[in-house]
$ cat coords_35.pdb   # PDB, C-alpha atoms
ATOM      1  CA  MET O  25     -13.079  19.886 -35.090  1.00  0.00           C
ATOM      2  CA  ASN O  26     -14.931  19.536 -31.756  1.00  0.00           C
ATOM      3  CA  ALA O  27     -15.692  15.853 -32.469  1.00  0.00           C
ATOM      4  CA  ARG O  28     -12.004  15.230 -33.146  1.00  0.00           C
ATOM      5  CA  ILE O  29     -11.009  16.876 -29.836  1.00  0.00           C
ATOM      6  CA  LEU O  30     -13.612  14.795 -27.991  1.00  0.00           C
ATOM      7  CA  ILE O  31     -12.238  11.578 -29.506  1.00  0.00           C
ATOM      8  CA  LEU O  32      -8.653  12.511 -28.593  1.00  0.00           C
ATOM      9  CA  ALA O  33      -9.712  13.437 -25.054  1.00  0.00           C
ATOM     10  CA  THR O  34     -11.555  10.122 -24.669  1.00  0.00           C
ATOM     11  CA  VAL O  35      -8.535   8.121 -25.873  1.00  0.00           C
ATOM     12  CA  PHE O  36      -6.271  10.079 -23.498  1.00  0.00           C
ATOM     13  CA  ALA O  37      -8.601   9.465 -20.525  1.00  0.00           C
ATOM     14  CA  ALA O  38      -8.906   5.757 -21.339  1.00  0.00           C
ATOM     15  CA  ALA O  39      -5.120   5.394 -21.426  1.00  0.00           C
ATOM     16  CA  LEU O  40      -4.896   6.899 -17.943  1.00  0.00           C
ATOM     17  CA  LEU O  41      -7.431   4.430 -16.583  1.00  0.00           C
ATOM     18  CA  VAL O  42      -5.550   1.263 -17.516  1.00  0.00           C
ATOM     19  CA  PRO O  43      -4.946  -0.461 -14.154  1.00  0.00           C
ATOM     20  CA  ALA O  44      -1.574  -1.803 -13.079  1.00  0.00           C
ATOM     21  CA  SER O  45      -1.409  -5.437 -11.969  1.00  0.00           C
ATOM     22  CA  VAL O  46      -1.180  -6.108  -8.234  1.00  0.00           C
ATOM     23  CA  PRO O  47       0.877  -9.052  -6.916  1.00  0.00           C
ATOM     24  CA  ALA O  48      -0.824 -11.651  -4.696  1.00  0.00           C
ATOM     25  CA  ASP O  49       1.971 -11.589  -2.137  1.00  0.00           C
ATOM     26  CA  ILE O  50       4.326  -9.028  -0.717  1.00  0.00           C
ATOM     27  CA  HIS O  51       7.961  -9.063  -1.688  1.00  0.00           C
ATOM     28  CA  ILE O  52      10.384  -7.209   0.550  1.00  0.00           C
ATOM     29  CA  ARG O  53      13.770  -5.972  -0.502  1.00  0.00           C
ATOM     30  CA  ASN O  54      15.486  -4.602   2.550  1.00  0.00           C
ATOM     31  CA  ASP O  55      17.971  -1.803   2.651  1.00  0.00           C
ATOM     32  CA  ASP O  56      20.294  -0.850   5.476  1.00  0.00           C
ATOM     33  CA  ASP O  57      17.918   1.725   6.916  1.00  0.00           C
ATOM     34  CA  HIS O  58      14.543   0.052   6.955  1.00  0.00           C
ATOM     35  CA  GLY O  59      12.761  -3.264   6.733  1.00  0.00           C
ATOM     36  CA  LEU O  60      11.311  -6.011   8.849  1.00  0.00           C
ATOM     37  CA  CYS O  61      13.631  -8.851   7.986  1.00  0.00           C
ATOM     38  CA  ARG O  62      17.424  -8.885   7.950  1.00  0.00           C
ATOM     39  CA  GLY O  63      17.573 -10.923   4.741  1.00  0.00           C
ATOM     40  CA  ASP O  64      18.007  -9.228   1.380  1.00  0.00           C
ATOM     41  CA  ASP O  65      15.157 -11.019  -0.353  1.00  0.00           C
ATOM     42  CA  VAL O  66      12.219 -12.144   1.747  1.00  0.00           C
ATOM     43  CA  SER O  67       8.674 -12.769   0.553  1.00  0.00           C
ATOM     44  CA  ILE O  68       5.576 -12.667   2.692  1.00  0.00           C
ATOM     45  CA  ASP O  69       2.514 -14.712   1.766  1.00  0.00           C
ATOM     46  CA  PHE O  70      -0.867 -14.653   3.458  1.00  0.00           C
ATOM     47  CA  ASP O  71      -2.273 -18.193   3.584  1.00  0.00           C
ATOM     48  CA  ASP O  72      -5.690 -18.645   5.221  1.00  0.00           C
ATOM     49  CA  ASP O  73      -5.037 -17.736   8.854  1.00  0.00           C
ATOM     50  CA  SER O  74      -1.260 -17.470   8.725  1.00  0.00           C
ATOM     51  CA  ILE O  75       1.527 -15.291   7.430  1.00  0.00           C
ATOM     52  CA  VAL O  76       4.487 -17.087   5.865  1.00  0.00           C
ATOM     53  CA  PHE O  77       7.886 -15.412   5.531  1.00  0.00           C
ATOM     54  CA  THR O  78      10.232 -17.126   3.063  1.00  0.00           C
ATOM     55  CA  ASP O  79      13.908 -16.318   2.663  1.00  0.00           C
ATOM     56  CA  GLU O  80      14.381 -16.678  -1.091  1.00  0.00           C
ATOM     57  CA  GLU O  81      18.070 -17.561  -0.794  1.00  0.00           C
ATOM     58  CA  SER O  82      17.873 -20.335   1.826  1.00  0.00           C
ATOM     59  CA  GLU O  83      14.204 -21.226   1.212  1.00  0.00           C
ATOM     60  CA  GLU O  84      13.687 -21.252   4.980  1.00  0.00           C
ATOM     61  CA  THR O  85      10.230 -20.301   6.216  1.00  0.00           C
ATOM     62  CA  VAL O  86       8.688 -18.712   9.280  1.00  0.00           C
ATOM     63  CA  GLU O  87       4.943 -19.057   9.718  1.00  0.00           C
ATOM     64  CA  ILE O  88       2.932 -17.089  12.261  1.00  0.00           C
ATOM     65  CA  THR O  89      -0.722 -17.997  12.664  1.00  0.00           C
ATOM     66  CA  GLN O  90      -3.633 -15.840  13.681  1.00  0.00           C
ATOM     67  CA  ARG O  91      -3.737 -17.768  16.994  1.00  0.00           C
ATOM     68  CA  GLY O  92      -0.075 -16.940  17.690  1.00  0.00           C
ATOM     69  CA  ASP O  93       1.433 -20.296  16.734  1.00  0.00           C
ATOM     70  CA  LEU O  94       4.949 -20.181  15.293  1.00  0.00           C
ATOM     71  CA  PHE O  95       6.464 -22.624  12.814  1.00  0.00           C
ATOM     72  CA  ILE O  96      10.000 -22.547  11.448  1.00  0.00           C
ATOM     73  CA  ASN O  97      10.492 -24.648   8.328  1.00  0.00           C
ATOM     74  CA  GLY O  98       7.206 -26.402   9.119  1.00  0.00           C
ATOM     75  CA  LYS O  99       8.207 -27.383  12.643  1.00  0.00           C
ATOM     76  CA  GLY O 100       6.267 -25.945  15.577  1.00  0.00           C
ATOM     77  CA  VAL O 101       8.153 -23.773  18.060  1.00  0.00           C
ATOM     78  CA  ARG O 102       7.128 -23.888  21.696  1.00  0.00           C
ATOM     79  CA  LEU O 103       6.274 -20.426  22.975  1.00  0.00           C
ATOM     80  CA  SER O 104       5.614 -18.954  26.382  1.00  0.00           C
ATOM     81  CA  ARG O 105       2.203 -17.405  26.932  1.00  0.00           C
ATOM     82  CA  SER O 106       3.609 -13.895  26.526  1.00  0.00           C
ATOM     83  CA  ASP O 107       5.555 -14.824  23.363  1.00  0.00           C
ATOM     84  CA  ARG O 108       2.408 -16.409  21.903  1.00  0.00           C
ATOM     85  CA  GLY O 109       0.536 -13.187  22.719  1.00  0.00           C
ATOM     86  CA  LEU O 110       3.232 -11.149  20.976  1.00  0.00           C
ATOM     87  CA  ALA O 111       3.068 -13.431  17.910  1.00  0.00           C
ATOM     88  CA  LYS O 112      -0.730 -13.107  17.870  1.00  0.00           C
ATOM     89  CA  ASP O 113      -0.509  -9.305  18.126  1.00  0.00           C
ATOM     90  CA  TYR O 114       2.153  -9.271  15.413  1.00  0.00           C
ATOM     91  CA  TYR O 115      -0.115 -11.231  13.064  1.00  0.00           C
ATOM     92  CA  ALA O 116      -3.060  -8.906  13.763  1.00  0.00           C
ATOM     93  CA  THR O 117      -0.943  -5.772  13.300  1.00  0.00           C
ATOM     94  CA  LEU O 118       0.641  -6.925  10.031  1.00  0.00           C
ATOM     95  CA  ASP O 119      -2.717  -8.085   8.686  1.00  0.00           C
ATOM     96  CA  ALA O 120      -4.343  -4.735   9.586  1.00  0.00           C
ATOM     97  CA  ILE O 121      -1.478  -2.790   7.995  1.00  0.00           C
ATOM     98  CA  VAL O 122      -1.773  -4.725   4.741  1.00  0.00           C
ATOM     99  CA  GLU O 123      -5.550  -4.227   4.613  1.00  0.00           C
ATOM    100  CA  GLU O 124      -5.240  -0.508   5.341  1.00  0.00           C
ATOM    101  CA  ALA O 125      -2.458  -0.152   2.751  1.00  0.00           C
ATOM    102  CA  LYS O 126      -4.696  -1.818   0.140  1.00  0.00           C
ATOM    103  CA  SER O 127      -7.531   0.538   1.030  1.00  0.00           C
ATOM    104  CA  ILE O 128      -5.297   3.603   0.872  1.00  0.00           C
ATOM    105  CA  GLY O 129      -3.878   2.403  -2.447  1.00  0.00           C
ATOM    106  CA  LEU O 130      -7.344   1.950  -3.912  1.00  0.00           C
ATOM    107  CA  GLN O 131      -8.457   5.366  -2.699  1.00  0.00           C
ATOM    108  CA  GLY O 132      -5.210   6.867  -4.011  1.00  0.00           C
ATOM    109  CA  ALA O 133      -5.873   5.337  -7.421  1.00  0.00           C
ATOM    110  CA  LYS O 134      -9.355   6.861  -7.388  1.00  0.00           C
ATOM    111  CA  VAL O 135      -7.866  10.260  -6.520  1.00  0.00           C
ATOM    112  CA  GLY O 136      -5.384   9.794  -9.361  1.00  0.00           C
ATOM    113  CA  VAL O 137      -8.190   9.051 -11.809  1.00  0.00           C
ATOM    114  CA  LYS O 138     -10.127  12.088 -10.583  1.00  0.00           C
ATOM    115  CA  GLY O 139      -6.962  14.188 -10.911  1.00  0.00           C
ATOM    116  CA  ALA O 140      -6.443  12.947 -14.447  1.00  0.00           C
ATOM    117  CA  ALA O 141     -10.074  13.744 -15.241  1.00  0.00           C
ATOM    118  CA  LEU O 142      -9.586  17.227 -13.792  1.00  0.00           C
ATOM    119  CA  GLY O 143      -6.478  17.651 -15.933  1.00  0.00           C
ATOM    120  CA  LEU O 144      -8.424  16.535 -18.973  1.00  0.00           C
ATOM    121  CA  LYS O 145     -11.239  18.926 -18.061  1.00  0.00           C
ATOM    122  CA  ALA O 146      -8.675  21.740 -17.809  1.00  0.00           C
ATOM    123  CA  ALA O 147      -7.181  20.821 -21.186  1.00  0.00           C
ATOM    124  CA  VAL O 148     -10.604  20.824 -22.798  1.00  0.00           C
ATOM    125  CA  GLY O 149     -11.349  24.109 -20.992  1.00  0.00           C
ATOM    126  CA  VAL O 150      -8.246  25.678 -22.499  1.00  0.00           C
ATOM    127  CA  LEU O 151      -9.520  24.699 -25.918  1.00  0.00           C
ATOM    128  CA  LEU O 152     -12.895  26.216 -25.045  1.00  0.00           C
ATOM    129  CA  LEU O 153     -11.115  29.526 -24.445  1.00  0.00           C
ATOM    130  CA  LEU O 154     -10.998  29.793 -28.214  1.00  0.00           C
ATOM    131  CA  SER O 155     -14.762  30.363 -28.076  1.00  0.00           C
ATOM    132  CA  PRO O 156     -15.811  33.990 -27.613  1.00  0.00           C
ATOM    133  CA  SER O 157     -18.510  32.955 -25.111  1.00  0.00           C
ATOM    134  CA  TYR O 158     -16.039  31.280 -22.707  1.00  0.00           C
ATOM    135  CA  ASP O 159     -13.274  33.069 -20.803  1.00  0.00           C
ATOM    136  CA  THR O 160     -10.674  32.312 -18.118  1.00  0.00           C
ATOM    137  CA  ASP O 161     -13.131  33.175 -15.334  1.00  0.00           C
ATOM    138  CA  ASP O 162     -15.486  30.494 -16.663  1.00  0.00           C
ATOM    139  CA  LEU O 163     -12.637  27.971 -16.775  1.00  0.00           C
ATOM    140  CA  GLU O 164     -11.493  28.830 -13.273  1.00  0.00           C
ATOM    141  CA  GLU O 165     -15.032  28.486 -11.922  1.00  0.00           C
ATOM    142  CA  ASP O 166     -15.492  25.128 -13.663  1.00  0.00           C
ATOM    143  CA  LEU O 167     -12.298  23.705 -12.166  1.00  0.00           C
ATOM    144  CA  GLU O 168     -12.276  25.246  -8.683  1.00  0.00           C
ATOM    145  CA  GLU O 169     -14.939  23.078  -7.012  1.00  0.00           C
ATOM    146  CA  ASP O 170     -13.478  19.838  -8.389  1.00  0.00           C
ATOM    147  CA  GLU O 171      -9.997  20.894  -7.306  1.00  0.00           C
ATOM    148  CA  GLU O 172     -11.122  21.658  -3.736  1.00  0.00           C
ATOM    149  CA  GLU O 173     -12.848  18.277  -3.405  1.00  0.00           C
ATOM    150  CA  LEU O 174      -9.760  16.533  -4.737  1.00  0.00           C
ATOM    151  CA  GLU O 175      -7.573  18.367  -2.215  1.00  0.00           C
ATOM    152  CA  ARG O 176      -9.908  17.358   0.669  1.00  0.00           C
ATOM    153  CA  VAL O 177      -9.797  13.690  -0.303  1.00  0.00           C
ATOM    154  CA  ALA O 178      -6.008  13.796  -0.789  1.00  0.00           C
ATOM    155  CA  SER O 179      -5.578  15.382   2.675  1.00  0.00           C
ATOM    156  CA  LYS O 180      -7.629  12.593   4.263  1.00  0.00           C
ATOM    157  CA  LEU O 181      -5.497  10.007   2.483  1.00  0.00           C
ATOM    158  CA  GLU O 182      -2.333  11.721   3.688  1.00  0.00           C
ATOM    159  CA  ARG O 183      -3.534  11.554   7.305  1.00  0.00           C
ATOM    160  CA  ARG O 184      -4.411   7.866   6.884  1.00  0.00           C
ATOM    161  CA  ALA O 185      -0.966   7.215   5.426  1.00  0.00           C
ATOM    162  CA  GLU O 186       0.695   8.978   8.378  1.00  0.00           C
ATOM    163  CA  ARG O 187      -1.261   6.781  10.825  1.00  0.00           C
ATOM    164  CA  LEU O 188      -0.280   3.735   8.774  1.00  0.00           C
ATOM    165  CA  GLU O 189       3.380   4.751   8.995  1.00  0.00           C
ATOM    166  CA  ARG O 190       3.131   4.894  12.806  1.00  0.00           C
ATOM    167  CA  ARG O 191       1.578   1.420  12.809  1.00  0.00           C
ATOM    168  CA  ALA O 192       4.401   0.167  10.582  1.00  0.00           C
ATOM    169  CA  ASP O 193       6.941   1.549  13.069  1.00  0.00           C
ATOM    170  CA  LYS O 194       5.115  -0.340  15.837  1.00  0.00           C
ATOM    171  CA  LEU O 195       5.197  -3.502  13.715  1.00  0.00           C
ATOM    172  CA  GLU O 196       8.932  -3.130  13.201  1.00  0.00           C
ATOM    173  CA  ARG O 197       9.434  -2.894  16.981  1.00  0.00           C
ATOM    174  CA  MET O 198       7.238  -5.981  17.451  1.00  0.00           C
ATOM    175  CA  HIS O 199       9.322  -7.819  14.840  1.00  0.00           C
ATOM    176  CA  GLU O 200      12.502  -6.964  16.736  1.00  0.00           C
ATOM    177  CA  ASP O 201      10.868  -8.090  20.001  1.00  0.00           C
ATOM    178  CA  LEU O 202       9.936 -11.441  18.437  1.00  0.00           C
ATOM    179  CA  ARG O 203      13.495 -11.909  17.218  1.00  0.00           C
ATOM    180  CA  ASP O 204      14.964 -10.875  20.594  1.00  0.00           C
ATOM    181  CA  ARG O 205      12.620 -13.025  22.676  1.00  0.00           C
ATOM    182  CA  ILE O 206      12.551 -16.173  20.507  1.00  0.00           C
ATOM    183  CA  ASP O 207      16.037 -17.581  19.989  1.00  0.00           C
ATOM    184  CA  ALA O 208      14.969 -19.825  17.095  1.00  0.00           C
ATOM    185  CA  LEU O 209      13.997 -16.737  15.080  1.00  0.00           C
ATOM    186  CA  ASP O 210      17.208 -14.895  15.886  1.00  0.00           C
ATOM    187  CA  GLU O 211      19.286 -17.932  14.921  1.00  0.00           C
ATOM    188  CA  LEU O 212      17.858 -17.908  11.403  1.00  0.00           C
ATOM    189  CA  GLY O 213      19.901 -14.820  10.659  1.00  0.00           C
ATOM    190  CA  TRP O 214      17.409 -13.423   8.150  1.00  0.00           C
ATOM    191  CA  PHE O 215      14.183 -12.983  10.146  1.00  0.00           C
TER     192      PHE O 215
END

$ encode --input "coords_35.pdb" --output "structure tokens"
Amino acid sequence: MNARILILATVFAAALLVPASVPADIHIRNDDDHGLCRGDDVSIDFDDDSIVFTDEESEETVEITQRGDLFINGKGVRLSRSDRGLAKDYYATLDAIVEEAKSIGLQGAKVGVKGAALGLKAAVGVLLLLSPSYDTDDLEEDLEEDEEELERVASKLERRAERLERRADKLERMHEDLRDRIDALDELGWF
């Protein structure tokens, strides 16, 4: 019977570890309360040293380069020094947010796997309670240290996510500033 339980536990754990696919670009669906762009369906692609926003309905594009250059539908837009600086900062902020979000997501997945393993360990522990040499105190002791470590890591991730949220709020303000300061962006109606 123990071999059968081990096989079932292994199959269960393997099913939990199947990774979800991750898209190569970001796709934004805005709602009335939140979002960078005013359009309903805007994609963001990272190409080399630029970020390209594409309105899916009109197929119009806005490209912002790492150097602060701005292109609308492939045509360069002349910017003042301060507007170029804002575009450059916008690129850097969005790029940093995406990288941090990927990192947090990866760490979150690892915490999820560890949590699933802890759950599996608890389930196996419950079965071990059938043994006269193993009691609830043993189970509690076995799980407690793992649970505390998991809680510490999850707390760190929560703090990172809160900092990321503040950066996203800053990015949203920068986006609005770009739109307000650069008429060509405001005229698009979706950026």

$ atom_distance --input "coords_35.pdb" --atom1 "CA of Val137 (chain O)" --atom2 "CA of Leu118 (chain O)"
28.5 Å

$ resolve_selection --input "coords_35.pdb" --expression "the PyMOL selection byres ((chain O and resi 210) around 12)" --output "list of chain:residue names"
O:Cys61, O:Arg62, O:Gly63, O:Val86, O:Ile96, O:His199, O:Glu200, O:Asp201, O:Leu202, O:Arg203, O:Asp204, O:Arg205, O:Ile206, O:Asp207, O:Ala208, O:Leu209, O:Glu211, O:Leu212, O:Gly213, O:Trp214, O:Phe215

$ resolve_selection --input "coords_35.pdb" --expression "the PyMOL selection byres ((chain O and resi 124-131) around 8)" --output "list in words"
Ala120, Ile121, Val122, Glu123, Gly132, Ala133, Lys134, Val135, Leu181, Arg184, Ala185 and Leu188 of chain O

$ axis_aligned_box --input "coords_35.pdb" --around "region 120-137 of chain O" --padding-each-side "6 Å" --output "JSON"
{"center_x": -5.4, "center_y": 2.8, "center_z": -1.1, "size_x": 19.9, "size_y": 27.0, "size_z": 33.4}

$ closest_residue --input "coords_35.pdb" --among "O:Ile75, O:Ala192, O:Leu174, O:Leu142" --to "Glu87 (chain O)" --atoms "only C-alpha atoms"
O:Ile75

$ build_atoms --input "coords_35.pdb" --residues "region 90-102 of chain O" --atoms "N, CA and C atoms" --output "compact mmCIF listing (two decimals), keeping the file's coordinate frame"
# COMPACT_ATOMS: atom_id res chain seq x y z
N GLN O 90 -2.74 -16.80 13.05
CA GLN O 90 -3.63 -15.84 13.68
C GLN O 90 -3.76 -16.13 15.18
N ARG O 91 -3.64 -17.38 15.57
CA ARG O 91 -3.74 -17.77 16.99
C ARG O 91 -2.42 -17.57 17.74
N GLY O 92 -1.36 -17.18 17.04
CA GLY O 92 -0.08 -16.94 17.69
C GLY O 92 0.85 -18.14 17.67
N ASP O 93 0.53 -19.16 16.88
CA ASP O 93 1.43 -20.30 16.73
C ASP O 93 2.59 -19.89 15.83
N LEU O 94 3.75 -20.49 16.07
CA LEU O 94 4.95 -20.18 15.29
C LEU O 94 5.54 -21.47 14.75
N PHE O 95 5.84 -21.48 13.46
CA PHE O 95 6.46 -22.62 12.81
C PHE O 95 7.69 -22.13 12.05
N ILE O 96 8.79 -22.84 12.21
CA ILE O 96 10.00 -22.55 11.45
C ILE O 96 10.29 -23.77 10.60
N ASN O 97 10.30 -23.56 9.29
CA ASN O 97 10.49 -24.65 8.33
C ASN O 97 9.50 -25.78 8.58
N GLY O 98 8.28 -25.43 8.92
CA GLY O 98 7.21 -26.40 9.12
C GLY O 98 7.16 -27.04 10.49
N LYS O 99 8.15 -26.77 11.32
CA LYS O 99 8.21 -27.38 12.64
C LYS O 99 7.74 -26.37 13.69
N GLY O 100 6.80 -26.82 14.54
CA GLY O 100 6.27 -25.94 15.58
C GLY O 100 7.32 -25.54 16.60
N VAL O 101 7.24 -24.29 17.04
CA VAL O 101 8.15 -23.77 18.06
C VAL O 101 7.33 -23.53 19.31
N ARG O 102 7.81 -24.07 20.41
CA ARG O 102 7.13 -23.89 21.70
C ARG O 102 7.33 -22.46 22.19
